[in-house]
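The structure appears right after this line, and notes come after that.
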Amino acid sequence: MLTGAGGVLEGLRPGSVVIDCSTAIPSSSIRMAQAVEKAGSRFLDAPMTRTPKEAAEGRLNLLVGGDAAVLEECRPLLRCFAENITHMGPVGAGHSMKLLHNYVSLGMVTLLSEAAACAERNGVAADAFVDVLAKGGGGGIALERIKPYVLARETSGLRFSIANARKDWTTTTPWPPTPAPRATSRRPCWPRSKARWPRAATTRWCRNW
């Protein structure tokens, strides 16, 4: 889209700013920034977090890598759809933080969902399970997002498919160079899960795994 034949670079005016809001490998962000700068323009990597609900409300989080002055220039535009805009550092730092964010958030959702399934199998009431975790070390955004499913099989709290989870998880394969053992152990689960429930919610996969 950016560097290919008929891509953005061919029509990019000098002095423009290219803002990449995708989820990507940081090294690719650096390569794209170099290509944009060679064309006389500037580049920010600004991946997003939060859910479709916040997207519809214009309340996404942006994790921005690039020159701080360029970010300040673009901040009024980004405010149109983002509530929290955090400067992470140089180009690539935004995508680095996005991968770390997904690494943590997917891991927490998986852990909580497996615990919920275990609780159900062992006769622990769903409402008591949620209440105890919320008042202790298991409380937080991940629990709040899976709570509707745990209590009432309502999937609207976590509108994130297994296909998306697998995409984000496997994006970390080449980064960092030496991933944590737990992350490595989880990766084989995603291809099998996607094949079984390609569009299922992440919480559904975890309950049925």
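By convention in this document, the chains of the structure tokens carry letters A, B, ... by their order, each chain's residues are numbered from 1, and ligands are numbered from 1 in the order they are shown.
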
Item to check | Residues near segment 119-132 of chain A, cut-off 7 Å, only C-alpha atoms, skip fewer than 6 positions along chain, as a PyMOL selection string | outcome: chain A and resi 147+150-151

Checklist entry - Any idea what the distance is between atom CA of Gly65 of chain A and atom CA of His95 of chain A? => result 7.4 Å

Next on the checklist: Report as a list of chain:residue names all protein, DNA and RNA residues lying within 12 Å of Arg31 of chain A, evaluated on only C-alpha atoms, omitting residues in the same chain fewer than 3 positions from it.
Outcome noted: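 After dropping sequence-adjacent residues, the list is A:Leu2, A:Thr3, A:Ala24, A:Ile25, A:Pro26, A:Ser27, A:Ser28, A:Gln34, A:Ala35, A:Val36, A:Glu37, A:Lys38, A:Phe43, A:Leu44, A:Asp45, A:Val91, A:Gly92.
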
Sorted by chain and rising residue number, list the residues of segment 2-92 of chain A at most 12 Å from segment 161-165 of chain A (counting only C-alpha atoms), each with its closest atom pair and distance in Å to one decimal, as CSV.
residue,atom,partner,partner_atom,distance
A:Thr23,CA,A:Asn164,CA,10.8
A:Thr51,CA,A:Ser161,CA,11.6
A:Pro52,CA,A:Ser161,CA,11.9

Print the selection's residues with C-alpha atoms to a file, as a CSV table (one decimal), in the first residue's frame.
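And here is the file that came out, selection.csv:
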chain,number,residue,atom,x,y,z
A,23,THR,CA,-0.5,-3.6,14.2
A,51,THR,CA,-12.6,-2.3,21.5
A,52,PRO,CA,-15.1,-1.6,18.7

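For the atom pair formed by atom CA of Val104 of chain A and atom CA of Trp169 of chain A, the distance is 10.3 Å, given to one decimal.
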
Checklist entry - Between A:Phe160, A:Ser105, A:Arg166, A:Arg13, which has the minimum distance to Ala142 of chain A (counting only C-alpha atoms)? => result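 Distance minimum relative to Ala142 of chain A lands on A:Ser105.
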
Item to check | Expected answer as an NGL selection string: strand (DSSP E) residues in chain A | outcome: :A and (17-20 or 42-45 or 48-49 or 60-65 or 82-89)

Next on the checklist: For the structure I just gave you, how does DSSP split segment 25-144 of chain A - specifically, which residues are helix (DSSP H, G or I)? Reply as number ranges by chain.
Outcome noted: A: 26-38, 52-57, 68-78, 93-121, 126-134, 141-144

Item to check | Selection: 12 Å around Arg145 of chain A, only C-alpha atoms, excl. self and same-chain fewer than 2 positions, as a VMD selection string | outcome: chain A and resid 50 to 51 53 105 to 106 108 to 110 112 to 113 130 134 139 to 143 147 to 151 153 to 160 201 to 203

Checklist entry - So how many Å separate atom CA of Leu133 of chain A and atom CA of Ala152 of chain A, to one decimal? => result 17.1 Å

Checklist entry - Near Gly58 of chain A, counting only C-alpha atoms, which residues have an atom at most 9 Å away, once you skip same-chain residues fewer than 6 positions from it, shown as a PyMOL selection string? => result chain A and resi 79-83
